[in-house]
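Participant: Below is one structure. I have some questions about it.
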Amino acid sequence: MSVAVRVIPCLDVDAGRVVKGVNFRDLRDAGNPVELAARYDAEGADELVFLDITASSGSRETTYDVVRRTAEQVFIPLTVGGGVRSVDDVDRLLRAGADKVGVNTAAIARPDLLGEIAERFGSQVLVLSVDARRSATESASGSGYEVTTHGGRERTGIDAVGWARRGEELGVGEILLNSMDADGTKDGFDLEMIEAVRAVVTVPVIASGGAGAVEHFAPAVAAGADAVLAASVFHFGTLRLGEVKESLRAGGYEVR
């Protein structure tokens, strides 16, 4: 049985507004998250990803409020990430209306957190967000890809492909694989990185970073992505969700 490819808009939220930049810099305002989410739901998005990119303690309440209001407006799965540091954070987001929760930096600091979340809420709610870039030195990373934090600015020395595999072993239900080199460039997804991760995990892989044209999506699926994610091309009207689904259908893929 083939599973339909999911097309997922991503909302990068900073202090309650959607923003978008290139490589997480030079952010510009892209609108109200609740309104954008409702629009994407109406246009046929399969899911939504919300990333709280400030994730500072000061804007946490804003985030819970935005999640609550969005969950009331949309009827598709909502994944929320950014600043998730504990099992309690996950609990609060699920209560606010999130269906899945993305964990990134906190899991790098303490991998056992992944197991704790999976055990309490089930793997289906847990998404491991991996922000990776090509490593400058081969020795730093066996696969040539290294896990980064802080919007790609801080290197960790952790091999990204090995980390994705470890995440699955610890109980994550999905991998959100974001190419920090490609983020916001609109030059296409990092296909080699998708292939490398697909080869070592069985859980679904969401490809993120680099979408700029309709023809970029099908190759990401061919490389092993189960879902394709994009942000600015949708927010600023460069591409429509329908066009992306049409191109995937034309490539022989099943879409919803």
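Ligands are numbered from 1 in the order shown, chains are lettered A, B, ... in the order of the structure tokens, and residues start at 1 in each chain.
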Can you write out as a Markdown table which residues of range 79-129 of chain A fall within 10 Å of range 8-20 of chain A, alongside each residue's closest atom pair and its distance in Å to one decimal, counting only C-alpha atoms and ordering rows by chain and ascending residue number?

Facilitator:
```
| residue | atom | partner | partner_atom | distance |
| --- | --- | --- | --- | --- |
| A:Thr79 | CA | A:Cys10 | CA | 9.4 |
| A:Val80 | CA | A:Leu11 | CA | 9.5 |
| A:Gly81 | CA | A:Asp12 | CA | 9.6 |
| A:Gly82 | CA | A:Val13 | CA | 9.3 |
```

Participant: Take the residues from that selection and write them out as a PDB file, in the first residue's frame, keeping C-alpha atoms.

Facilitator:
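For reference, selection36.pdb as written:
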```pdb
ATOM      1  CA  THR A  79       3.024  20.050  14.555  1.00  0.00           C
ATOM      2  CA  VAL A  80       4.566  22.627  16.882  1.00  0.00           C
ATOM      3  CA  GLY A  81       8.284  22.975  17.607  1.00  0.00           C
ATOM      4  CA  GLY A  82      10.757  25.481  18.979  1.00  0.00           C
TER       5      GLY A  82
END
```

Participant: Output as JSON lines one row per residue of range 130-244 of chain A within 8 Å of range 109-115 of chain A: the closest atom pair and its distance in Å to one decimal place, counting only C-alpha atoms, sorted by chain and residue number ascending.

Facilitator:
```
{"residue": "A:Gly167", "atom": "CA", "partner": "A:Leu114", "partner_atom": "CA", "distance": 7.3}
{"residue": "A:Leu170", "atom": "CA", "partner": "A:Gly115", "partner_atom": "CA", "distance": 5.0}
{"residue": "A:Gly171", "atom": "CA", "partner": "A:Gly115", "partner_atom": "CA", "distance": 5.7}
{"residue": "A:Val172", "atom": "CA", "partner": "A:Leu114", "partner_atom": "CA", "distance": 6.7}
```

Participant: Keeping only N, CA and C atoms, take the residues you just selected and write them out as a PDB file, in the first residue's frame.

Facilitator:
```
ATOM      1  N   GLY A 167      17.568   8.799  16.771  1.00  0.00           N
ATOM      2  CA  GLY A 167      16.241   9.310  17.112  1.00  0.00           C
ATOM      3  C   GLY A 167      15.177   8.235  16.953  1.00  0.00           C
ATOM      4  N   LEU A 170      15.307   5.795  19.707  1.00  0.00           N
ATOM      5  CA  LEU A 170      14.793   6.345  20.974  1.00  0.00           C
ATOM      6  C   LEU A 170      13.279   6.535  20.959  1.00  0.00           C
ATOM      7  N   GLY A 171      12.657   6.329  19.801  1.00  0.00           N
ATOM      8  CA  GLY A 171      11.195   6.354  19.768  1.00  0.00           C
ATOM      9  C   GLY A 171      10.521   7.467  18.991  1.00  0.00           C
ATOM     10  N   VAL A 172      11.276   8.259  18.206  1.00  0.00           N
ATOM     11  CA  VAL A 172      10.586   9.311  17.448  1.00  0.00           C
ATOM     12  C   VAL A 172       9.765   8.685  16.324  1.00  0.00           C
TER      13      VAL A 172
END
```

Participant: Mind giving me the straight-line distance from CA of Ala182 in chain A to CA of Thr62 in chain A in Å, one decimal?

Facilitator: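 Computing the Euclidean distance for CA of Ala182 in chain A and CA of Thr62 in chain A yields 29.1 Å.
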
Participant: Compare A:Leu229, A:Phe217, A:His235, A:Gly188 by their minimum atom-to-atom distance to Ala250 in chain A, counting only C-alpha atoms, and give me the closest one.

Facilitator: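 Under the stated criterion, the closest residue is A:Phe217.
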
Participant: May I have all residues of range 101-196 of chain A that DSSP, computed from the backbone, assigns to alpha helix (DSSP H), given as a ChimeraX atom specification?

Facilitator: /A:105-109,112-121,160-170,191-196

Participant: From the options A:Arg68, A:Val127, A:Ile53, A:Asp46, which residue's atoms come nearest to Val34 in chain A, counting only C-alpha atoms?

Facilitator: A:Arg68

Participant: Output as JSON lines one row per residue of range 38-100 of chain A within 12 Å of range 141-165 of chain A: the closest atom pair and its distance in Å to one decimal place, counting only C-alpha atoms, sorted by chain and residue number ascending.

Facilitator:
```
{"residue": "A:Leu51", "atom": "CA", "partner": "A:Gly151", "partner_atom": "CA", "distance": 11.5}
{"residue": "A:Asp52", "atom": "CA", "partner": "A:Gly151", "partner_atom": "CA", "distance": 11.8}
{"residue": "A:Ile53", "atom": "CA", "partner": "A:Gly151", "partner_atom": "CA", "distance": 8.5}
{"residue": "A:Thr54", "atom": "CA", "partner": "A:His150", "partner_atom": "CA", "distance": 10.1}
{"residue": "A:Ala55", "atom": "CA", "partner": "A:His150", "partner_atom": "CA", "distance": 10.9}
{"residue": "A:Gly82", "atom": "CA", "partner": "A:His150", "partner_atom": "CA", "distance": 10.5}
{"residue": "A:Gly83", "atom": "CA", "partner": "A:His150", "partner_atom": "CA", "distance": 10.8}
```

Participant: Quick one: distance from CA of Met180 in chain A to CA of Leu248 in chain A in Å, one decimal?

Facilitator: 23.9 Å

Participant: As an exercise, work out the distance from CA of Arg60 in chain A to CA of Val101 in chain A in Å and give it to one decimal place.

Facilitator: 14.5 Å

Participant: For the structure I just gave you, how does DSSP split range 9-224 of chain A - specifically, which residues are strand (DSSP E or B)? Reply as an NGL selection string.

Facilitator: :A and (9-14 or 17-22 or 25-31 or 48-52 or 78-81 or 100-103 or 126-134 or 145-149 or 154-159 or 174-179 or 205-208)

Participant: Quick one: residues within 12 Å of Ala42 in chain A, only C-alpha atoms, excluding same-chain residues fewer than 4 positions away - as a PyMOL selection string?

Facilitator: chain A and resi 35-38+46-47+73-76+240-242

Participant: Only N, CA, C and O atoms, please: the residues just picked out, written as a short mmCIF file (atom, residue, chain, number, x, y, z; two decimals), in the first residue's frame.

Facilitator:
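Generated output (selection.cif):
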```cif
data_model
loop_
_atom_site.label_atom_id
_atom_site.label_comp_id
_atom_site.auth_asym_id
_atom_site.auth_seq_id
_atom_site.Cartn_x
_atom_site.Cartn_y
_atom_site.Cartn_z
N GLU A 35 -4.51 33.35 10.51
CA GLU A 35 -5.11 33.59 9.19
C GLU A 35 -4.43 32.74 8.11
O GLU A 35 -5.10 32.16 7.25
N LEU A 36 -3.09 32.69 8.16
CA LEU A 36 -2.36 31.88 7.17
C LEU A 36 -2.72 30.41 7.30
O LEU A 36 -2.93 29.72 6.31
N ALA A 37 -2.80 29.94 8.54
CA ALA A 37 -3.12 28.53 8.77
C ALA A 37 -4.49 28.19 8.19
O ALA A 37 -4.68 27.16 7.52
N ALA A 38 -5.47 29.08 8.42
CA ALA A 38 -6.82 28.85 7.90
C ALA A 38 -6.82 28.83 6.37
O ALA A 38 -7.49 28.01 5.74
N ASP A 46 -1.96 19.30 3.83
CA ASP A 46 -2.20 18.04 4.53
C ASP A 46 -1.92 18.17 6.02
O ASP A 46 -2.52 17.48 6.84
N GLU A 47 -0.97 19.03 6.35
CA GLU A 47 -0.61 19.28 7.74
C GLU A 47 -0.03 20.69 7.79
O GLU A 47 0.21 21.30 6.76
N GLN A 73 -9.17 26.81 14.35
CA GLN A 73 -9.48 27.19 12.97
C GLN A 73 -9.25 26.07 11.97
O GLN A 73 -9.85 26.07 10.91
N VAL A 74 -8.32 25.19 12.25
CA VAL A 74 -7.94 24.21 11.22
C VAL A 74 -8.24 22.79 11.67
O VAL A 74 -8.30 22.50 12.85
N PHE A 75 -8.43 21.93 10.68
CA PHE A 75 -8.82 20.55 10.98
C PHE A 75 -7.83 19.57 10.39
O PHE A 75 -8.16 18.45 10.06
N ILE A 76 -6.60 20.03 10.24
CA ILE A 76 -5.51 19.16 9.76
C ILE A 76 -4.47 19.08 10.87
O ILE A 76 -4.44 19.94 11.75
N ARG A 240 1.42 27.79 -5.26
CA ARG A 240 0.18 27.40 -4.60
C ARG A 240 0.28 25.92 -4.23
O ARG A 240 0.91 25.14 -4.94
N LEU A 241 -0.38 25.55 -3.15
CA LEU A 241 -0.39 24.14 -2.73
C LEU A 241 -0.91 23.24 -3.84
O LEU A 241 -0.38 22.16 -4.09
N GLY A 242 -1.95 23.70 -4.53
CA GLY A 242 -2.54 22.90 -5.61
C GLY A 242 -1.55 22.60 -6.72
O GLY A 242 -1.53 21.49 -7.27
#
```

Participant: Between A:Ala227, A:Ala107, A:Ala218, A:Leu177, which is the closest to Ala196 in chain A once you count only C-alpha atoms?

Facilitator: A:Leu177

Participant: Out of A:Glu215, A:Glu195, A:Asp131, A:Asp65, which residue has the shortest atom-to-atom distance to Asp183 in chain A when counting only C-alpha atoms?

Facilitator: A:Asp131

Participant: Can you tell me, as a ChimeraX atom specification, what residues are no more than 8 Å from Ile194 in chain A when counting only C-alpha atoms, ignoring any on the same chain fewer than 6 positions away?

Facilitator: /A:177,205,207,220,223-225

Participant: Any idea what's packed within 9 Å of Ile117 in chain A, counting only C-alpha atoms, ignoring anything in its chain fewer than 6 positions away? Could you give it as a list of chain:residue names?

Facilitator: A:Ser86, A:Val87, A:Val90, A:Ser123, A:Val125, A:Leu126, A:Gly171, A:Val172

Participant: When you count only C-alpha atoms, which of these residues is closest to Lys186 in chain A: A:Ala213, A:Val221, A:Leu239, A:Leu93?

Facilitator: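 Nearest to Lys186 in chain A: A:Ala213.
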
Participant: Using only C-alpha atoms, find the one residue out of A:Ala30, A:Ala106, A:Ala96, A:Val67 that sits nearest to Val233 in chain A.

Facilitator: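 Residue with the minimum atom-to-atom distance to Val233 in chain A: A:Ala30.
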